[in-house]
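Have a look at the structure below, then the notes.
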Amino acid sequence: MIDALASALSGIQSGFDRMDRSAARVTRLGDGNADVDLAREMVEQKVAAVEVRAGVAMFRSADEAKGTLLDLLA
């Protein structure tokens with residue numbers, strides 16, 4: 001059960017890291033860096049958001065399973 005929670009938190013953190021890296025690249029666009037592909041960065045940020053949502057869903061599911069297990073044992 002703890003592994004599922006750790007995996008969920010890892011997925012959430014990975015999504016936030018992906019978003020941070022993409023945001024940093026978009027910021028460089030404002031510095032005159034023409035090598036940044038804005039369309040690609042928009043897709044990257046959408047993927048990051050999905051990754052965070054998936055991690056949250058996994059966390060909720062693991063939490064519900066833990067609660068059910070505790071109810072059964074009590």
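Each chain in the structure tokens gets a letter, A, B and so on, in the order shown; residues start at 1 in every chain, and ligands are counted from 1 in the order they appear.
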**Asked** Near Ala24 of chain A, within 12 Å and counting only C-alpha atoms, which residues show up once chain neighbours fewer than 5 positions away are dropped, as a ChimeraX atom specification?
**Response** /A:17-19,29-31,33,36,38,41,45
**Request:** Could you give me, as a ChimeraX atom specification, the residues within 12 Å of Asp63 of chain A, counting only C-alpha atoms and dropping anything in the same chain fewer than 2 positions from it?
**Result:** /A:1-6,8,56-61,65-70
**Prompt:** Just how far from atom CA of Ser10 of chain A is atom CA of Ala48 of chain A, in Å to one decimal?
**Reply:**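 Between these atoms lies a distance of 12.7 Å.
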**Message:** Using only C-alpha atoms for the distances, tell me which of A:Leu73, A:Ala62, A:Ala49, A:Val43 is nearest to Ile12 of chain A.
**Reply:**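 So, comparing all the options, the nearest one is A:Ala49.
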**Request:** Identify which of the residues A:Asp20, A:Arg25, A:Glu64, A:Gly15 lies closest to Arg40 of chain A, counting only C-alpha atoms when measuring atom-to-atom distances.
**Result:**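 Going through A:Asp20, A:Arg25, A:Glu64, A:Gly15 one by one, the smallest distance to Arg40 of chain A is for A:Arg25.
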**Asked** Rounded to one decimal in Å, what is the spacing between atom CA of Arg21 of chain A and atom CA of Ala54 of chain A?
**Response**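 Atom-to-atom, atom CA of Arg21 of chain A to atom CA of Ala54 of chain A, that is 19.2 Å.
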**Asked** atom CA of Ser7 of chain A to atom CA of Val47 of chain A: how many Å, to one decimal?
**Response**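 Going from atom CA of Ser7 of chain A over to atom CA of Val47 of chain A covers 17.5 Å.
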**Prompt:** Looking at only C-alpha atoms, which of A:Arg28, A:Ser14, A:Asp35, A:Ala23 is the one that sits closest to Gly55 of chain A?
**Reply:**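 Distance minimum relative to Gly55 of chain A lands on A:Ser14.
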